[in-house]
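> Structure below; questions to follow.
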Amino acid sequence: MRPARPYPFREPTALELEPEYARLRADEPLSRISLPYGGEAWLAVRHEDVRVVLSDPRFSRAALLDRDVPRTSPRRLTDPTLHTMDPPEHNRLRRLVSAAFSPRQLDRLADHATRVTEELLDLVEAEGPPADLVAGLAIPLPVAVTCHLLGVPLVDRDRFAEWIDVALATTAFPPAAIHEAFAALKRYLADLVALRRAEPADDLLGTLVVARDQDGGLSEDELVVLGVTLLYAGLETTSNHIGNFVHTLLAHPDQLAALRADPGLLDRAVDELLRLTPTVTSAGFTRIATEDVELGGVLVRAGDAVMVHLDAANRDERVFERPDDLDLTRRPNPHLAFGHGPHYCVAAQLAKAELRIALTALLHRFPTLRAAEDPTTLPWRQGRMVRGLDRLLVTW
């Protein structure tokens with residue numbers, strides 16, 4: 001067995017996927033890595049192997065709770081929530097949340113997202129070019145939708161956005177600050193839970209409070225941490241996706257022209273952007289093998305930690321023809337951007353709806369949209385779990 005390599009391999013550059021992943025897919029689909037915290041793990045990068053790790057019950061998420069498992073963040077996961085439970089306990093929480101993403105509810109949220117998007121673009125257009133799409137659209141749209149869904153006061157956005165930014169960091173802030181930011185989010189959600197008990201409301205947080213108080217469907221800690229999870233999950237990834245996707249389209253003028261010429265490509269375009277555009281800065285989703293399992297031609301022993309890299313799997317040439325090319329007509333497109341198996345993102349359809357709405361409105365409002373600064377000088381966020389831009393100036 002080859003010695004473990006220090007991981008992450010390096011600080012990522014913009015939206016470039018580190019070349020090591022292509023070599024590993026070809027020659028070492030399951031490799032040993034040494035993490036900044038928690039020791040060594042196996043790293044899976046092929047599409048088939050990643051799907052197995054994400055769906056096979058022998059790879060446990062719950063087994064990592066409050067253990068010093070391999071990870072890139074200094075914060076141990078100590079709270080049971082959607083990301084840290086196995087079935088059937090995971091199913092219990094997922095059922096409580098899933099009703100908020102029913103087709104009827106998604107239609108209501110999409111209508112809200114459409115109104116918010118148009119209002120935001122009114123402001124962008126009024127201010128005139130150059131405009132920063134990160135500040136003008138990518139951040140405020142998911143914040144507004146998530147607050148509306150969950151029942152979080154929009155006026156608090158600066159407070160919780162700052163906590164989320166710190167809590168989901170890897171090296172951008174000291175470990176003590178990362179721990180305190182997550183604790184602050186828990187205190188904030190606990191206060192909202194108390195408020196919802198005093199003032200019931202027809203939102204997801206209110207529904208969860210009823211499930212806790214009347215039905216006994218979850219514990220108080222589960223309620224608070226689930227609220228935290230839904231808040232940061234609704235903001236961090238989608239906010240970065242919007243900026244990253246616009247940047248990617250502007251960098252591929254032929255594909256952008258094809259989308260403008262045929263808006264019917266939009267659904268496939270969103271899936272292709274999800275596949276091609278790297279989301280994370282390193283592997284995540286640590287799982288613990290509960291028994292010996294053969295994976296990628298390697299025997300993984302019970303107790304071993306296994307990590308997967310979704311973005312690397314989404315470039316697997318065994319599954320995707322010309323995997324490094326942006327092809328908005330690609331079909332089929334079995335990407336793993338939202339995971340796979342029991343932990344497939346419960347809010348995936350909402351995220352895709354927000355992305356479709358944002359791109360549609362943006363391209364319709366500004367048919368001559370183009371970059372307003374040198375792409376080589378764009379400011380990329382560093383030391384975070386998720387890749388994203390601090391600023392994206394455009395003109396029209």
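Going by the structure tokens order, chains are called A, B, ..., each with residues numbered from 1, while ligands are numbered from 1 in the order shown.
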Taking the DSSP assignment computed from this structure's backbone, write out as a ChimeraX atom specification all residues of stretch 62-123 of chain A that belong to helix (DSSP H, G or I).
/A:62-64,82-84,89-101,103-123
> Could the residues in this selection be written to a file with N, CA and C atoms, as a compact mmCIF listing (two decimals), in the first residue's frame?

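again-v3.txt written:
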```txt
# COMPACT_ATOMS: atom_id res chain seq x y z
N ALA A 62 -23.27 8.03 10.99
CA ALA A 62 -23.48 8.17 12.43
C ALA A 62 -22.25 7.73 13.23
N ALA A 63 -21.45 6.84 12.67
CA ALA A 63 -20.29 6.33 13.40
C ALA A 63 -19.21 7.37 13.61
N LEU A 64 -19.30 8.51 12.91
CA LEU A 64 -18.27 9.54 13.08
C LEU A 64 -18.61 10.54 14.19
N LEU A 82 -29.40 15.66 9.90
CA LEU A 82 -29.56 14.97 8.62
C LEU A 82 -28.24 14.45 8.07
N HIS A 83 -27.15 15.21 8.28
CA HIS A 83 -25.86 14.83 7.71
C HIS A 83 -25.14 13.77 8.53
N THR A 84 -25.59 13.55 9.76
CA THR A 84 -24.81 12.70 10.67
C THR A 84 -25.63 11.55 11.24
N GLU A 89 -32.94 6.29 11.71
CA GLU A 89 -33.05 7.57 12.39
C GLU A 89 -33.01 8.73 11.40
N HIS A 90 -32.18 8.60 10.38
CA HIS A 90 -32.11 9.63 9.35
C HIS A 90 -33.46 9.80 8.66
N ASN A 91 -34.14 8.68 8.40
CA ASN A 91 -35.44 8.74 7.73
C ASN A 91 -36.46 9.53 8.55
N ARG A 92 -36.37 9.40 9.88
CA ARG A 92 -37.31 10.09 10.76
C ARG A 92 -37.20 11.61 10.58
N LEU A 93 -35.98 12.13 10.59
CA LEU A 93 -35.81 13.58 10.41
C LEU A 93 -36.12 14.00 8.98
N ARG A 94 -35.73 13.17 8.04
CA ARG A 94 -35.95 13.53 6.64
C ARG A 94 -37.44 13.66 6.32
N ARG A 95 -38.26 12.76 6.90
CA ARG A 95 -39.70 12.85 6.67
C ARG A 95 -40.27 14.16 7.21
N LEU A 96 -39.75 14.62 8.34
CA LEU A 96 -40.25 15.88 8.91
C LEU A 96 -39.97 17.06 8.00
N VAL A 97 -38.85 17.01 7.29
CA VAL A 97 -38.42 18.13 6.44
C VAL A 97 -39.01 18.02 5.04
N SER A 98 -39.19 16.80 4.56
CA SER A 98 -39.55 16.59 3.15
C SER A 98 -40.83 17.29 2.74
N ALA A 99 -41.79 17.41 3.67
CA ALA A 99 -43.07 18.05 3.32
C ALA A 99 -42.87 19.49 2.87
N ALA A 100 -41.81 20.14 3.36
CA ALA A 100 -41.54 21.52 2.97
C ALA A 100 -41.07 21.63 1.53
N PHE A 101 -40.72 20.48 0.92
CA PHE A 101 -40.23 20.49 -0.46
C PHE A 101 -41.14 19.67 -1.38
N PRO A 103 -44.11 19.19 -4.22
CA PRO A 103 -44.31 19.96 -5.45
C PRO A 103 -45.09 21.26 -5.23
N ARG A 104 -46.14 21.21 -4.40
CA ARG A 104 -46.93 22.41 -4.15
C ARG A 104 -46.09 23.47 -3.44
N GLN A 105 -45.34 23.05 -2.42
CA GLN A 105 -44.51 24.00 -1.70
C GLN A 105 -43.39 24.54 -2.59
N LEU A 106 -42.84 23.70 -3.44
CA LEU A 106 -41.79 24.16 -4.35
C LEU A 106 -42.31 25.22 -5.31
N ASP A 107 -43.55 25.05 -5.77
CA ASP A 107 -44.15 26.06 -6.64
C ASP A 107 -44.27 27.40 -5.92
N ARG A 108 -44.69 27.35 -4.65
CA ARG A 108 -44.80 28.59 -3.87
C ARG A 108 -43.44 29.24 -3.65
N LEU A 109 -42.43 28.42 -3.35
CA LEU A 109 -41.10 28.96 -3.14
C LEU A 109 -40.51 29.51 -4.44
N ALA A 110 -40.82 28.84 -5.56
CA ALA A 110 -40.33 29.33 -6.85
C ALA A 110 -40.96 30.67 -7.19
N ASP A 111 -42.24 30.83 -6.89
CA ASP A 111 -42.90 32.12 -7.12
C ASP A 111 -42.23 33.21 -6.29
N HIS A 112 -41.93 32.89 -5.04
CA HIS A 112 -41.25 33.85 -4.17
C HIS A 112 -39.86 34.17 -4.72
N ALA A 113 -39.14 33.15 -5.15
CA ALA A 113 -37.79 33.36 -5.69
C ALA A 113 -37.83 34.22 -6.94
N THR A 114 -38.85 34.02 -7.77
CA THR A 114 -38.98 34.82 -8.99
C THR A 114 -39.21 36.29 -8.66
N ARG A 115 -40.10 36.57 -7.70
CA ARG A 115 -40.35 37.96 -7.31
C ARG A 115 -39.08 38.61 -6.73
N VAL A 116 -38.39 37.87 -5.89
CA VAL A 116 -37.17 38.41 -5.28
C VAL A 116 -36.12 38.68 -6.34
N THR A 117 -35.97 37.75 -7.28
CA THR A 117 -34.97 37.91 -8.34
C THR A 117 -35.24 39.15 -9.16
N GLU A 118 -36.47 39.36 -9.55
CA GLU A 118 -36.81 40.55 -10.35
C GLU A 118 -36.54 41.83 -9.56
N GLU A 119 -36.88 41.83 -8.28
CA GLU A 119 -36.61 43.02 -7.46
C GLU A 119 -35.11 43.28 -7.34
N LEU A 120 -34.33 42.23 -7.16
CA LEU A 120 -32.88 42.39 -7.05
C LEU A 120 -32.29 42.90 -8.37
N LEU A 121 -32.77 42.37 -9.48
CA LEU A 121 -32.23 42.81 -10.78
C LEU A 121 -32.70 44.23 -11.12
N ASP A 122 -33.86 44.64 -10.60
CA ASP A 122 -34.26 46.04 -10.74
C ASP A 122 -33.20 46.95 -10.12
N LEU A 123 -32.73 46.58 -8.94
CA LEU A 123 -31.71 47.38 -8.26
C LEU A 123 -30.39 47.33 -9.01
```
> Go through stretch 225-274 of chain A and flag each residue having an atom no more than 12 Å from stretch 141-155 of chain A; for those, report the closest pair of atoms plus their distance in Å to one decimal, using only C-alpha atoms, ordered by chain and rising number, as CSV.

```
residue,atom,partner,partner_atom,distance
A:Leu226,CA,A:Leu150,CA,10.7
A:Gly227,CA,A:Leu150,CA,7.8
A:Val228,CA,A:Leu150,CA,10.2
A:Thr229,CA,A:Leu150,CA,11.0
A:Leu230,CA,A:Leu150,CA,7.8
A:Leu231,CA,A:Thr146,CA,6.7
A:Tyr232,CA,A:Thr146,CA,9.0
A:Ala233,CA,A:Thr146,CA,9.1
A:Gly234,CA,A:Thr146,CA,5.7
A:Leu235,CA,A:Pro142,CA,5.5
A:Glu236,CA,A:Pro142,CA,8.4
A:Thr237,CA,A:Pro142,CA,9.2
A:Thr238,CA,A:Pro142,CA,6.5
A:Ser239,CA,A:Pro142,CA,6.1
A:Asn240,CA,A:Pro142,CA,9.8
A:His241,CA,A:Pro142,CA,10.3
A:Ile242,CA,A:Pro142,CA,9.4
A:Gly243,CA,A:Leu141,CA,11.5
```
> How would the residues just chosen look if you wrote them out with N, CA, C and O atoms as a short mmCIF file (atom, residue, chain, number, x, y, z; two decimals), in the first residue's frame?

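Final output, saved to result_15.cif:
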```cif
data_model
loop_
_atom_site.label_atom_id
_atom_site.label_comp_id
_atom_site.auth_asym_id
_atom_site.auth_seq_id
_atom_site.Cartn_x
_atom_site.Cartn_y
_atom_site.Cartn_z
N LEU A 226 -31.08 20.83 13.53
CA LEU A 226 -31.70 20.72 12.20
C LEU A 226 -31.97 22.09 11.63
O LEU A 226 -31.75 22.34 10.43
N GLY A 227 -32.41 23.04 12.47
CA GLY A 227 -32.60 24.41 12.00
C GLY A 227 -31.30 25.02 11.53
O GLY A 227 -31.26 25.69 10.48
N VAL A 228 -30.22 24.80 12.27
CA VAL A 228 -28.90 25.30 11.86
C VAL A 228 -28.50 24.70 10.52
O VAL A 228 -28.05 25.40 9.61
N THR A 229 -28.68 23.39 10.39
CA THR A 229 -28.30 22.69 9.17
C THR A 229 -29.05 23.23 7.95
O THR A 229 -28.46 23.50 6.90
N LEU A 230 -30.36 23.40 8.10
CA LEU A 230 -31.16 23.89 6.98
C LEU A 230 -30.80 25.33 6.63
O LEU A 230 -30.81 25.72 5.45
N LEU A 231 -30.43 26.12 7.63
CA LEU A 231 -30.08 27.51 7.37
C LEU A 231 -28.79 27.61 6.57
O LEU A 231 -28.74 28.26 5.52
N TYR A 232 -27.74 26.93 7.03
CA TYR A 232 -26.48 27.09 6.29
C TYR A 232 -26.48 26.32 4.97
O TYR A 232 -25.89 26.76 3.98
N ALA A 233 -27.21 25.20 4.91
CA ALA A 233 -27.28 24.45 3.66
C ALA A 233 -28.02 25.24 2.58
O ALA A 233 -27.69 25.16 1.40
N GLY A 234 -29.02 26.02 2.99
CA GLY A 234 -29.78 26.79 2.02
C GLY A 234 -29.05 28.00 1.49
O GLY A 234 -29.40 28.54 0.43
N LEU A 235 -28.03 28.43 2.23
CA LEU A 235 -27.33 29.66 1.84
C LEU A 235 -26.02 29.39 1.12
O LEU A 235 -25.79 29.86 0.00
N GLU A 236 -25.15 28.63 1.76
CA GLU A 236 -23.75 28.59 1.35
C GLU A 236 -23.56 28.06 -0.07
O GLU A 236 -22.92 28.69 -0.90
N THR A 237 -24.11 26.90 -0.36
CA THR A 237 -23.85 26.29 -1.66
C THR A 237 -24.52 27.04 -2.80
O THR A 237 -23.90 27.36 -3.82
N THR A 238 -25.80 27.35 -2.64
CA THR A 238 -26.52 28.01 -3.74
C THR A 238 -25.97 29.40 -4.02
O THR A 238 -25.87 29.80 -5.19
N SER A 239 -25.60 30.14 -3.00
CA SER A 239 -25.00 31.46 -3.22
C SER A 239 -23.77 31.37 -4.08
O SER A 239 -23.59 32.14 -5.04
N ASN A 240 -22.90 30.41 -3.76
CA ASN A 240 -21.68 30.26 -4.55
C ASN A 240 -21.96 29.72 -5.94
O ASN A 240 -21.31 30.10 -6.91
N HIS A 241 -22.95 28.82 -6.05
CA HIS A 241 -23.31 28.30 -7.37
C HIS A 241 -23.69 29.41 -8.33
O HIS A 241 -23.28 29.40 -9.50
N ILE A 242 -24.50 30.35 -7.89
CA ILE A 242 -24.98 31.39 -8.80
C ILE A 242 -23.80 32.17 -9.38
O ILE A 242 -23.69 32.34 -10.60
N GLY A 243 -22.91 32.64 -8.53
CA GLY A 243 -21.75 33.37 -9.01
C GLY A 243 -20.85 32.51 -9.87
O GLY A 243 -20.38 32.94 -10.95
#
```
> Pick the closest to A:Leu43 from A:Glu373, A:Asp304, A:Glu125, A:Glu162: which is it, counting only C-alpha atoms?
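Under the stated criterion, the closest residue is A:Asp304.
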> Smallest atom-to-atom distance to A:Ala211: which of A:Leu274, A:Ala161, A:Ala258, A:Leu223, using only C-alpha atoms?
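Among the listed residues, the smallest separation from A:Ala211 belongs to A:Leu223.
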> Measuring between only C-alpha atoms, which one of A:Arg365, A:Arg370, A:Arg75, A:Arg356 shows the shortest distance to A:Glu180?
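Looking at the shortest contact to A:Glu180, the residue is A:Arg75.
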> Output as a tab-separated table one row per residue of stretch 271-328 of chain A within 9 Å of stretch 262-267 of chain A: the closest atom pair and its distance in Å to one decimal place, counting only C-alpha atoms, sorted by chain and residue number ascending.

```
residue	atom	partner	partner_atom	distance
A:Asp271	CA	A:Asp267	CA	6.5
A:Glu272	CA	A:Asp267	CA	8.7
A:Leu328	CA	A:Leu265	CA	6.9
```
> Can you tell me, as an NGL selection string, which residues in stretch 306-395 of chain A count as strand (DSSP E) by DSSP?
:A and (306-308 or 370-371 or 393-395)
> Using C-alpha atoms, can you export the residues from the last selection as a PDB file, in the first residue's frame?

```
ATOM      1  CA  VAL A 306     -13.595   6.744   3.759  1.00  0.00           C
ATOM      2  CA  MET A 307     -14.035  10.113   2.054  1.00  0.00           C
ATOM      3  CA  VAL A 308     -15.423  10.851  -1.403  1.00  0.00           C
ATOM      4  CA  ARG A 370     -20.415  40.126 -20.180  1.00  0.00           C
ATOM      5  CA  ALA A 371     -17.549  40.220 -17.716  1.00  0.00           C
ATOM      6  CA  LEU A 393     -18.347  42.474 -11.872  1.00  0.00           C
ATOM      7  CA  VAL A 394     -20.410  42.421 -15.064  1.00  0.00           C
ATOM      8  CA  THR A 395     -21.568  44.925 -17.628  1.00  0.00           C
TER       9      THR A 395
END
```
> How many Å separate atom CA of A:Asp316 from atom CA of A:Thr329?
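Atom-to-atom, atom CA of A:Asp316 to atom CA of A:Thr329, that is 17.9 Å.
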> When you count only C-alpha atoms, which of these residues is closest to A:Ile178: A:Pro74, A:Gly297, A:Pro323, A:Pro367?
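Comparing A:Pro74, A:Gly297, A:Pro323, A:Pro367 against A:Ile178, the winner is A:Pro74.
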> Pick the closest to A:Leu35 from A:Arg71, A:Arg301, A:Arg58, A:Arg197: which is it, counting only C-alpha atoms?
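Residue with the minimum atom-to-atom distance to A:Leu35: A:Arg71.
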